[in-house]
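Data block for start_9.cif (mmCIF, C-alpha atoms):
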data_query
loop_
_atom_site.label_atom_id
_atom_site.label_comp_id
_atom_site.auth_asym_id
_atom_site.auth_seq_id
_atom_site.Cartn_x
_atom_site.Cartn_y
_atom_site.Cartn_z
CA MET A 1 91.79 100.75 92.61
CA ILE A 2 95.06 101.11 90.67
CA LYS A 3 97.31 100.01 93.56
CA PRO A 4 95.46 96.71 94.26
CA ILE A 5 95.40 95.88 90.54
CA LEU A 6 99.13 96.58 90.19
CA LEU A 7 99.91 94.59 93.35
CA GLY A 8 97.76 91.71 92.05
CA LEU A 9 99.55 91.75 88.71
CA PHE A 10 102.93 91.80 90.46
CA PHE A 11 101.86 88.93 92.72
CA GLY A 12 100.59 86.90 89.76
CA PHE A 13 103.76 87.55 87.77
CA SER A 14 105.86 86.54 90.80
CA LEU A 15 103.92 83.29 91.17
CA TYR A 16 104.36 82.61 87.48
CA TYR A 17 108.06 83.49 87.55
CA ILE A 18 108.92 81.15 90.45
CA GLY A 19 106.74 78.31 89.14
CA ALA A 20 104.08 78.43 91.86
CA ASN A 21 101.46 78.53 89.13
CA ASN A 22 102.30 74.94 88.20
CA SER A 23 100.43 72.41 90.32
CA ILE A 24 103.15 69.80 89.68
CA ASN A 25 105.75 72.08 91.30
CA ILE A 26 103.52 72.63 94.31
CA LEU A 27 102.75 68.93 94.69
CA ASP A 28 106.47 68.12 94.38
CA MET A 29 107.12 70.55 97.22
CA LEU A 30 104.34 69.08 99.37
CA ARG A 31 105.70 65.57 98.70
CA LEU A 32 109.23 66.76 99.61
CA ARG A 33 110.59 65.88 96.15
CA ASP A 34 111.69 69.37 95.15
CA MET A 35 111.92 72.11 97.79
CA THR A 36 112.70 74.98 95.40
CA LEU A 37 109.29 76.58 96.04
CA GLY A 38 109.58 75.84 99.76
CA LYS A 39 112.91 77.67 99.88
CA ILE A 40 111.40 80.66 98.07
CA ILE A 41 108.37 80.73 100.37
CA PHE A 42 110.57 80.39 103.48
CA PHE A 43 112.83 83.19 102.22
CA ALA A 44 109.80 85.40 101.43
CA ILE A 45 108.44 84.91 104.97
CA GLY A 46 111.83 85.90 106.38
CA PHE A 47 112.12 88.90 104.08
CA ALA A 48 108.60 90.06 105.01
CA ALA A 49 109.40 89.68 108.72
CA PHE A 50 112.64 91.61 108.21
CA LEU A 51 110.86 94.46 106.38
CA ALA A 52 108.00 94.53 108.90
CA GLY A 53 110.44 94.75 111.81
CA ILE A 54 112.53 97.51 110.19
CA THR A 55 109.57 99.62 109.08
CA ALA A 56 107.83 99.17 112.45
CA LYS A 57 111.00 100.20 114.32
CA LEU A 58 111.32 103.28 112.10
CA GLY A 59 107.67 104.19 112.77
CA PHE A 60 106.38 103.63 109.23
CA LEU A 61 104.32 100.55 110.09
CA ASN A 62 102.01 99.97 113.04
CA LEU A 63 101.93 96.23 113.68
CA ASN A 64 98.65 96.68 115.59
CA HIS A 65 96.90 97.09 112.22
CA PHE A 66 97.49 93.44 111.34
CA SER A 67 94.30 91.50 111.95
CA VAL A 68 94.67 88.10 113.55
CA LYS A 69 91.57 85.94 113.73
CA PRO A 70 90.83 83.94 116.89
CA MET A 71 91.77 80.25 116.92
CA HIS A 72 88.72 78.00 117.30
CA LEU A 73 87.18 74.83 115.92
CA GLY A 74 85.93 76.61 112.77
CA VAL A 75 89.48 77.72 111.88
CA ILE A 76 90.78 74.19 112.41
CA LEU A 77 88.04 72.64 110.25
CA GLY A 78 88.53 75.27 107.53
CA ALA A 79 92.28 74.68 107.54
CA LEU A 80 91.72 70.93 107.15
CA VAL A 81 89.38 71.41 104.17
CA PHE A 82 91.75 73.92 102.57
CA GLY A 83 94.77 71.68 103.21
CA LEU A 84 93.07 68.64 101.69
CA GLY A 85 92.14 70.59 98.57
CA PHE A 86 95.56 72.20 98.29
CA GLY A 87 97.35 68.89 98.76
CA THR A 88 95.08 67.08 96.30
CA ILE A 89 95.13 69.55 93.41
CA GLY A 90 98.26 71.58 94.12
CA LEU A 91 96.58 74.95 93.69
CA CYS A 92 95.00 77.52 95.97
CA PRO A 93 92.90 80.59 95.15
CA GLY A 94 96.05 82.77 95.02
CA THR A 95 97.77 80.61 92.43
CA CYS A 96 94.72 79.99 90.19
CA PRO A 97 94.90 83.16 88.05
CA ALA A 98 98.62 82.67 87.43
CA SER A 99 98.00 78.99 86.72
CA ILE A 100 95.50 79.82 83.96
CA ALA A 101 98.29 81.63 82.11
CA SER A 102 100.37 78.44 82.06
CA GLY A 103 97.67 76.23 80.58
CA ASN A 104 96.24 74.67 83.75
CA LEU A 105 92.75 75.88 82.92
CA LYS A 106 90.90 72.76 84.11
CA GLU A 107 92.59 72.56 87.53
CA SER A 108 92.38 76.34 87.98
CA LEU A 109 88.67 76.51 87.20
CA PHE A 110 87.98 73.49 89.44
CA THR A 111 89.87 75.13 92.31
CA PHE A 112 88.23 78.52 91.72
CA ILE A 113 84.73 77.01 91.60
CA GLY A 114 85.54 74.95 94.71
CA GLY A 115 86.61 78.13 96.51
CA LEU A 116 83.41 79.91 95.48
CA PHE A 117 81.34 76.92 96.56
CA GLY A 118 83.13 76.80 99.91
CA ALA A 119 82.59 80.53 100.47
CA PHE A 120 78.92 80.20 99.48
CA PHE A 121 78.40 77.16 101.72
CA PHE A 122 80.07 78.94 104.64
CA SER A 123 77.93 82.06 104.08
CA ILE A 124 74.63 80.18 104.07
CA SER A 125 75.61 77.98 107.02
CA TYR A 126 77.23 80.70 109.16
CA LYS A 127 74.19 81.32 111.38
CA SER A 128 73.73 77.59 111.97
CA LEU A 129 77.43 77.21 112.81
CA VAL A 130 77.18 80.07 115.32
CA ASN A 131 74.06 78.53 116.89
CA PHE A 132 75.76 75.12 117.01
CA GLY A 133 78.68 76.72 118.86
CA VAL A 134 81.43 75.93 116.37
CA PHE A 135 83.06 79.31 116.93
CA GLU A 136 82.99 78.98 120.71
CA ARG A 137 84.35 75.44 120.89
CA LEU A 138 88.10 75.40 121.39
CA ASN A 139 88.13 79.20 121.28
CA ILE A 140 91.56 80.07 122.64
CA GLY A 141 91.64 83.61 121.25
CA LYS A 142 94.21 85.19 118.97
CA ILE A 143 97.55 83.43 118.69
CA THR A 144 100.63 85.42 117.63
CA PHE A 145 104.34 85.36 118.35
CA PHE A 146 103.85 88.38 120.60
CA GLN A 147 100.83 87.12 122.49
CA ILE A 148 99.83 83.47 122.64
CA SER A 149 96.14 84.31 123.30
CA ASP A 150 93.88 86.82 125.01
CA ARG A 151 93.95 84.64 128.13
CA PHE A 152 97.66 83.76 128.33
CA ASP A 153 100.75 85.93 128.40
CA SER A 154 103.30 85.68 125.66
CA LEU A 155 105.92 82.96 125.94
CA PHE A 156 108.38 85.49 124.58
CA ASN A 157 108.27 89.01 123.22
CA ILE A 158 110.88 89.47 120.55
CA GLY A 159 109.91 93.03 119.68
CA HIS A 160 110.73 94.83 116.45
CA LEU A 161 114.43 94.00 116.40
CA GLY A 162 113.64 90.39 117.25
CA LEU A 163 111.37 90.33 114.22
CA VAL A 164 114.27 91.65 112.11
CA PHE A 165 116.61 88.96 113.45
CA MET A 166 113.98 86.25 113.01
CA GLY A 167 113.57 87.39 109.39
CA ILE A 168 117.33 87.20 108.85
CA LEU A 169 117.37 83.72 110.41
CA PHE A 170 114.56 82.53 108.10
CA MET A 171 116.40 83.90 105.05
CA ILE A 172 119.64 82.16 106.08
CA LEU A 173 117.81 78.89 106.72
CA ALA A 174 116.07 79.17 103.33
CA TYR A 175 119.45 79.62 101.67
CA LEU A 176 120.90 76.60 103.50
CA MET A 177 117.86 74.37 103.01
CA PRO A 178 118.50 71.57 100.51
CA THR A 179 116.51 71.66 97.29
CA ASN A 180 116.05 67.89 97.06
CA ILE A 181 115.28 66.34 100.43
CA ARG A 182 114.47 62.89 99.14
CA LYS A 183 114.62 61.32 95.74
#
Exercise: express the given structure as structure tokens:
Amino acid sequence: MIKPILLGLFFGFSLYYIGANNSINILDMLRLRDMTLGKIIFFAIGFAAFLAGITAKLGFLNLNHFSVKPMHLGVILGALVFGLGFGTIGLCPGTCPASIASGNLKESLFTFIGGLFGAFFFSISYKSLVNFGVFERLNIGKITFFQISDRFDSLFNIGHLGLVFMGILFMILAYLMPTNIRK
């Protein structure tokens, strides 16, 4: 239990440090006014890809342990609901605890309660959604860079070193990305 708590504290501190706890900063990024957070997120994705590729190549990380959920209508609907909430309020469940520390108690509690309500609603409606066929409609399987789905071969297989180079490319692009795209 110590490691998850320490990782959560580190994650929360990181969100607070880069300003991702402030809904105004997130909304400015989503509205393309200030891409500082976007650059940090893009760089973090690249850095994670770089580390995953290196540690997998060295045998410390088995990429098969990463769980990818199948793409289907339920995922698309859930992403739409999440995206609407995220774009409206500028917070997500990951940024709420860090946002409370910066004085955004009202927005954070609203987002947190909305997340709990959504999880509760999904839990009580799961059986009906299965019976209705939501999870079978548009079910194209798992989509990853290495395998497009269970039914289709990969368009390309970049392998571990490709993941490293892709990570480096993302980090370079994040560095070159302008902070203010439009005024």
Which neighbours of Val164 in chain A fall inside 10 Å, counting only C-alpha atoms, when residues of the same chain fewer than 5 positions from it are skipped, and could you give them as a PDB file with C-alpha atoms, in the frame of the given file?
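To be explicit, this is the file written out as part-v5.pdb:
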ATOM      1  CA  GLY A  46     111.830  85.900 106.380  1.00  0.00           C
ATOM      2  CA  PHE A  47     112.120  88.900 104.080  1.00  0.00           C
ATOM      3  CA  ALA A  48     108.600  90.060 105.010  1.00  0.00           C
ATOM      4  CA  ALA A  49     109.400  89.680 108.720  1.00  0.00           C
ATOM      5  CA  PHE A  50     112.640  91.610 108.210  1.00  0.00           C
ATOM      6  CA  LEU A  51     110.860  94.460 106.380  1.00  0.00           C
ATOM      7  CA  ALA A  52     108.000  94.530 108.900  1.00  0.00           C
ATOM      8  CA  GLY A  53     110.440  94.750 111.810  1.00  0.00           C
ATOM      9  CA  ILE A  54     112.530  97.510 110.190  1.00  0.00           C
ATOM     10  CA  THR A  55     109.570  99.620 109.080  1.00  0.00           C
ATOM     11  CA  ALA A  56     107.830  99.170 112.450  1.00  0.00           C
ATOM     12  CA  LYS A  57     111.000 100.200 114.320  1.00  0.00           C
ATOM     13  CA  ILE A 158     110.880  89.470 120.550  1.00  0.00           C
ATOM     14  CA  GLY A 159     109.910  93.030 119.680  1.00  0.00           C
ATOM     15  CA  LEU A 169     117.370  83.720 110.410  1.00  0.00           C
ATOM     16  CA  PHE A 170     114.560  82.530 108.100  1.00  0.00           C
TER      17      PHE A 170
END
Exactly which residues make up the result of the PyMOL selection byres ((chain A and resi 29-42) around 12) on this file, given as a VMD selection string?
chain A and resid 14 to 28 43 to 49 83 to 84 86 to 91 166 to 183
Apply the PyMOL selection byres ((chain A and resi 142) around 6) to the displayed file and report the matching residues as a PyMOL selection string.
chain A and resi 69-71+141+143+149
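Counting all atoms listed in the file, Leu138 in chain A has the following residues at most 10 Å away, ignoring those fewer than 6 positions along the same chain: Met71, His72, Leu73, Gly74, Val75 and Ile76 of chain A.
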Which residues match the PyMOL selection byres ((chain A and resi 96-106) around 6) in the file above, as a PyMOL selection string?
chain A and resi 12+16+21+93-95+107-109
For CA of Lys3 in chain A and CA of Asn62 in chain A, the interatomic separation in Å (one decimal):
20.0 Å
Separation of CA of Leu9 in chain A from CA of Gly118 in chain A, in Å and rounded to one decimal
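One can read the CA of Leu9 in chain A to CA of Gly118 in chain A distance as 24.9 Å.
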Between CA of Ile113 in chain A and CA of Arg137 in chain A, what is the spacing in Å?
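The value is 29.3 Å.
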